[in-house]
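Chemist: The structure that follows is given in the form of structure tokens.
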Amino acid sequence: MWQQKFLSLLLFIINMLSQLSLLFFSGWFIAACAIAGHAGVLAGFNYMVPAAVIRFFALARISSGYFEKYLSHLLLLRILKNLRANVLGAIFYKQKNLTQSETGQALQQQTEQIAARWSTVTSPTVSALSVAMAIGLLFALWWPKLLVSWVALCLVSAVLLVGFSWLHKNAIVREFNQQHTYLNQQRQWLHVSTLWHFTQSAFSHQAIQTQAKITARQRIQADTVERAAEHAITLVALVFTSVLFFQLEAIENASYWVVAFMILLSARDWLQPLMQAQFAQNRLTQTSQHLFASTSELAKPKIETQSKFDFIFSSLKLQSFAWTRGKHEGPALTASFPATGLFRIDAPTGVGKSSLFDAMTGELSYSGQITVNDQSLELLTTSQRQSLFHYVQQHEHVFSATLAENLKLASPEVSNDDLLQALEWAELSHWAKPERLNTWLGTQGLPVSGGEKKRLFLARAYLSTAPILLLDEPFEGLDEATSQRLVIKLTSLSQTKLLLLVSHLKPVGLMLNETYQLNVVEA
């Protein structure tokens, strides 16, 4: 990767030098043409050499710019891949307490902003400061009388930069805080309203709408600051150009005043990207603080739960165990499970069987007791608790990654042979080929049907080292023949692991150790 970084930096330097050379030489060329016409030597003036030089600088600037962006794009893709892989690990192992909406932000907008730091912040800042220093040096050598005015322009621009950056930062902080409040209120309302669209709690719905409008207004305020900064920079550049125009006759080598005039006109072209880079830095900083403790922590997460379950699992017991959402509580379950076996949890549709699994894995709060090996689950270490369960949800998500990466979420250290074996086990033999492991799934990748998704998640469960598998509707979306084959394989797997399943389907031949009924209290 360092070779790409070095080459990208070299192309960036070439692009910047070509841009400066083009600016200075084109100004000189215009001035020379004016002088030639005024002196009456226009016919003998050689236009070819200057025109060729200008074209050379233009081509050098364009080509180096495109190649630099291409290499930077490759680097950003690699950085983005690593960031997303780390975020996926943090989410899967619940190292970070992220909500579903925050998870989407982390995997898409936030990681892209963090990965694109070079193109959105570093590159425009370095380019602007380099151009300002180069122009200041040129004025100091050729036109010292303009140096004071140039320094004054830079100071005024710095004041504007600091002022608008401060206003923008405060607006961004208010926007993110308001967005966090809105998401929390929305999540709380949805959690306490099972059939939220039929509830009579109109006040809650109106409150959420109000919070959404406030959030939108905060975003508009941040955008307004950005637009105002652009107009202010443009106005300052025009004012200084107009004022300095009257000083150009006083400079030495007055015949080349067009060069200085064009330099002054170009101030807006590098000041605005510098201002936008500061705005991008403000949003990036707030983004990182909002989701993660620091960017370095995101880049190198400490995922302890990738290790195997580190003690012998012997029993799982639930005593009046029930999920809770605010003041709402689900039906309780009292059950005792051995180290192995296949057990089904039954209840009418909509009473919270899936929510029970959510509570067992820590996604929801709970009441009652849950013990592992006769000790409270809360006494286990974080690593032990996270590696105890593997939860196959009813509606899992296929991540925009390769087939192998989607499978390795369950166990990152497995070999390709293990992956192929898991695919065969899960009735995905058409995918169980070495060349298919690098196939891209998800958005703009290989389309995955509902049945293939279900079997993909079962293959992931097969790879997991967790002693307890929670299977939510494992046979949904599968044809009868496939279900029958998976029944045999799940029954065999239950000889070495504890399988708890929630399913409204009960395929023929499903050999259950026992079925537990949730204690549904009639209203």
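Going through the structure tokens in order, the chains are called A, B, and so on, while each chain numbers its residues from 1 and the ligands are numbered from 1 in the order shown.
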Name the residues in contact with Leu380 (chain A) at a cut-off of 12 Å, using only C-alpha atoms, excluding same-chain residues fewer than 5 positions from it; report them as an MDAnalysis selection string.
Modeler: chainID A and resid 309:311 370:375 385:388
Chemist: Would you mind exporting N, CA and C atoms of the selected residues as a PDB file, in the first residue's frame?
Modeler:
ATOM      1  N   PHE A 309     -15.627 -20.082  22.905  1.00  0.00           N
ATOM      2  CA  PHE A 309     -16.216 -20.138  24.235  1.00  0.00           C
ATOM      3  C   PHE A 309     -15.231 -20.855  25.155  1.00  0.00           C
ATOM      4  N   ASP A 310     -14.823 -20.192  26.268  1.00  0.00           N
ATOM      5  CA  ASP A 310     -13.654 -20.647  27.011  1.00  0.00           C
ATOM      6  C   ASP A 310     -13.958 -21.494  28.239  1.00  0.00           C
ATOM      7  N   PHE A 311     -15.183 -21.994  28.404  1.00  0.00           N
ATOM      8  CA  PHE A 311     -15.429 -22.982  29.454  1.00  0.00           C
ATOM      9  C   PHE A 311     -16.491 -23.946  28.964  1.00  0.00           C
ATOM     10  N   ILE A 370     -31.793 -15.677  34.290  1.00  0.00           N
ATOM     11  CA  ILE A 370     -31.209 -16.558  33.285  1.00  0.00           C
ATOM     12  C   ILE A 370     -29.847 -16.982  33.815  1.00  0.00           C
ATOM     13  N   THR A 371     -29.630 -18.285  33.899  1.00  0.00           N
ATOM     14  CA  THR A 371     -28.383 -18.804  34.466  1.00  0.00           C
ATOM     15  C   THR A 371     -27.719 -19.748  33.479  1.00  0.00           C
ATOM     16  N   VAL A 372     -26.400 -19.738  33.509  1.00  0.00           N
ATOM     17  CA  VAL A 372     -25.572 -20.632  32.690  1.00  0.00           C
ATOM     18  C   VAL A 372     -24.675 -21.414  33.642  1.00  0.00           C
ATOM     19  N   ASN A 373     -24.749 -22.715  33.555  1.00  0.00           N
ATOM     20  CA  ASN A 373     -23.992 -23.574  34.488  1.00  0.00           C
ATOM     21  C   ASN A 373     -24.289 -23.186  35.935  1.00  0.00           C
ATOM     22  N   ASP A 374     -25.576 -22.876  36.198  1.00  0.00           N
ATOM     23  CA  ASP A 374     -26.060 -22.543  37.547  1.00  0.00           C
ATOM     24  C   ASP A 374     -25.490 -21.248  38.108  1.00  0.00           C
ATOM     25  N   GLN A 375     -24.965 -20.392  37.265  1.00  0.00           N
ATOM     26  CA  GLN A 375     -24.565 -19.061  37.712  1.00  0.00           C
ATOM     27  C   GLN A 375     -25.192 -18.019  36.797  1.00  0.00           C
ATOM     28  N   ARG A 385     -20.150 -13.927  27.545  1.00  0.00           N
ATOM     29  CA  ARG A 385     -21.565 -13.703  27.214  1.00  0.00           C
ATOM     30  C   ARG A 385     -21.757 -13.561  25.708  1.00  0.00           C
ATOM     31  N   GLN A 386     -20.832 -12.866  25.056  1.00  0.00           N
ATOM     32  CA  GLN A 386     -20.983 -12.628  23.627  1.00  0.00           C
ATOM     33  C   GLN A 386     -20.703 -13.872  22.795  1.00  0.00           C
ATOM     34  N   SER A 387     -19.904 -14.773  23.319  1.00  0.00           N
ATOM     35  CA  SER A 387     -19.593 -15.993  22.578  1.00  0.00           C
ATOM     36  C   SER A 387     -20.485 -17.160  22.981  1.00  0.00           C
ATOM     37  N   LEU A 388     -21.446 -16.932  23.866  1.00  0.00           N
ATOM     38  CA  LEU A 388     -22.335 -18.001  24.326  1.00  0.00           C
ATOM     39  C   LEU A 388     -23.412 -18.328  23.302  1.00  0.00           C
TER      40      LEU A 388
END
Chemist: Need the shell around Arg460 (chain A): protein/DNA/RNA residues with any atom at most 12 Å away, counting only C-alpha atoms. Skip same-chain ones fewer than 6 positions apart. Format as a VMD selection string?
Modeler: chain A and resid 390 to 393 396 398 403 to 412 414 418 to 426 428 453 to 454 466 469 471
Chemist: Atoms to include: C-alpha atoms. Write the selected residues as a tab-separated table (two decimals), in the first residue's frame.
Modeler:
chain	number	residue	atom	x	y	z
A	390	HIS	CA	-25.30	-17.40	17.99
A	391	TYR	CA	-28.59	-15.84	16.97
A	392	VAL	CA	-30.06	-16.46	13.50
A	393	GLN	CA	-32.76	-13.83	13.23
A	396	GLU	CA	-31.07	-11.26	8.66
A	398	VAL	CA	-26.72	-9.85	3.63
A	403	LEU	CA	-19.56	-14.66	0.26
A	404	ALA	CA	-16.58	-15.61	2.41
A	405	GLU	CA	-16.75	-12.37	4.40
A	406	ASN	CA	-20.47	-12.84	5.02
A	407	LEU	CA	-19.78	-16.31	6.40
A	408	LYS	CA	-16.71	-15.39	8.45
A	409	LEU	CA	-18.75	-13.06	10.63
A	410	ALA	CA	-19.57	-16.17	12.65
A	411	SER	CA	-15.96	-17.31	13.01
A	412	PRO	CA	-13.24	-15.15	11.41
A	414	VAL	CA	-12.14	-20.57	9.70
A	418	ASP	CA	-14.58	-24.97	6.45
A	419	LEU	CA	-16.57	-22.43	4.44
A	420	LEU	CA	-17.18	-24.90	1.63
A	421	GLN	CA	-18.23	-27.56	4.14
A	422	ALA	CA	-20.68	-25.14	5.78
A	423	LEU	CA	-22.21	-24.28	2.39
A	424	GLU	CA	-22.66	-27.97	1.58
A	425	TRP	CA	-24.23	-28.53	5.00
A	426	ALA	CA	-26.68	-25.65	4.47
A	428	LEU	CA	-25.94	-24.37	-0.88
A	453	LYS	CA	-30.50	-15.99	2.57
A	454	LYS	CA	-32.02	-18.37	5.10
A	466	ALA	CA	-21.08	-20.74	20.21
A	469	LEU	CA	-27.82	-21.58	18.59
A	471	LEU	CA	-32.92	-20.13	15.35
Chemist: Tell me, in Å to one decimal, how far CA of Ser383 (chain A) is from CA of Ala459 (chain A).
Modeler: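 We find that CA of Ser383 (chain A) and CA of Ala459 (chain A) lie 22.7 Å from each other.
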Chemist: For Gly362 (chain A), which residue among A:Thr324, A:Ser400, A:Thr241, A:Thr224 is the nearest when counting only C-alpha atoms?
Modeler: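 Looking at the shortest contact to Gly362 (chain A), the residue is A:Thr324.
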Chemist: May I have the residues within 8 Å of region 50-67 of chain A as a list of chain:residue names, using only C-alpha atoms and disregarding those fewer than 5 positions away in the same chain?
Modeler: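 Residues meeting the cut-off are A:Ser8, A:Leu11, A:Phe12, A:Ile14, A:Asn15, A:Met16, A:Ser18, A:Gln19, A:Ser21, A:Leu22, A:Phe25, A:Ser26, A:Phe29.
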Chemist: Return the single residue from A:Gln319, A:Thr496, A:Thr334, A:Gln221 that is closest to Gln517 (chain A), with distances computed using only C-alpha atoms.
Modeler: A:Thr334
Chemist: By how many Å are CA of Leu129 (chain A) and CA of Trp270 (chain A) apart?
Modeler: 8.7 Å
Chemist: Identify all residues of region 383-487 of chain A in helix (DSSP H, G or I) (DSSP on the backbone) and supply them as a PyMOL selection string.
Modeler: chain A and resi 383-386+403-408+416-425+434-436+450-463+480-487
Chemist: Using only C-alpha atoms, please write the residues we just selected to a file, as an mmCIF file, in the first residue's frame.
Modeler:
data_model
loop_
_atom_site.group_PDB
_atom_site.id
_atom_site.type_symbol
_atom_site.label_atom_id
_atom_site.label_comp_id
_atom_site.auth_asym_id
_atom_site.auth_seq_id
_atom_site.Cartn_x
_atom_site.Cartn_y
_atom_site.Cartn_z
ATOM 1 C CA SER A 383 -16.340 -12.154 26.089
ATOM 2 C CA GLN A 384 -18.082 -15.202 27.550
ATOM 3 C CA ARG A 385 -21.565 -13.703 27.214
ATOM 4 C CA GLN A 386 -20.983 -12.628 23.627
ATOM 5 C CA LEU A 403 -19.564 -14.658 0.257
ATOM 6 C CA ALA A 404 -16.578 -15.610 2.405
ATOM 7 C CA GLU A 405 -16.745 -12.374 4.404
ATOM 8 C CA ASN A 406 -20.469 -12.844 5.023
ATOM 9 C CA LEU A 407 -19.783 -16.314 6.396
ATOM 10 C CA LYS A 408 -16.709 -15.392 8.450
ATOM 11 C CA ASN A 416 -11.857 -21.930 3.040
ATOM 12 C CA ASP A 417 -12.411 -25.664 3.401
ATOM 13 C CA ASP A 418 -14.581 -24.966 6.451
ATOM 14 C CA LEU A 419 -16.573 -22.428 4.443
ATOM 15 C CA LEU A 420 -17.181 -24.904 1.634
ATOM 16 C CA GLN A 421 -18.229 -27.564 4.138
ATOM 17 C CA ALA A 422 -20.682 -25.143 5.776
ATOM 18 C CA LEU A 423 -22.209 -24.280 2.390
ATOM 19 C CA GLU A 424 -22.658 -27.966 1.585
ATOM 20 C CA TRP A 425 -24.235 -28.527 5.000
ATOM 21 C CA PRO A 434 -13.540 -22.241 -4.134
ATOM 22 C CA GLU A 435 -13.952 -19.685 -6.920
ATOM 23 C CA ARG A 436 -17.368 -18.653 -5.581
ATOM 24 C CA GLY A 450 -35.091 -15.403 0.355
ATOM 25 C CA GLY A 451 -34.405 -19.127 0.598
ATOM 26 C CA GLU A 452 -30.704 -18.633 -0.148
ATOM 27 C CA LYS A 453 -30.502 -15.986 2.571
ATOM 28 C CA LYS A 454 -32.017 -18.371 5.095
ATOM 29 C CA ARG A 455 -29.555 -21.123 4.192
ATOM 30 C CA LEU A 456 -26.648 -18.654 4.171
ATOM 31 C CA PHE A 457 -27.459 -17.683 7.754
ATOM 32 C CA LEU A 458 -27.747 -21.349 8.750
ATOM 33 C CA ALA A 459 -24.297 -21.951 7.224
ATOM 34 C CA ARG A 460 -23.024 -19.085 9.343
ATOM 35 C CA ALA A 461 -24.564 -20.730 12.419
ATOM 36 C CA TYR A 462 -22.916 -24.028 11.494
ATOM 37 C CA LEU A 463 -19.515 -22.266 11.506
ATOM 38 C CA GLU A 480 -40.383 -29.071 1.587
ATOM 39 C CA ALA A 481 -37.518 -31.193 0.266
ATOM 40 C CA THR A 482 -34.866 -28.732 1.440
ATOM 41 C CA SER A 483 -36.578 -28.415 4.827
ATOM 42 C CA GLN A 484 -36.551 -32.206 5.240
ATOM 43 C CA ARG A 485 -32.816 -32.403 4.527
ATOM 44 C CA LEU A 486 -32.076 -29.543 6.942
ATOM 45 C CA VAL A 487 -34.198 -31.217 9.625
#
Chemist: Between A:Thr234, A:Lys353, A:Ala171, A:Gln272, which is the closest to Ala216 (chain A) once you count only C-alpha atoms?
Modeler: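 Residue with the minimum atom-to-atom distance to Ala216 (chain A): A:Ala171.
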Chemist: Find the residue from A:Ile172, A:Val151, A:Val156, A:Gln281 that sits nearest to Ile135 (chain A); use only C-alpha atoms when measuring.
Modeler: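 Smallest distance to Ile135 (chain A) is found for A:Val151.
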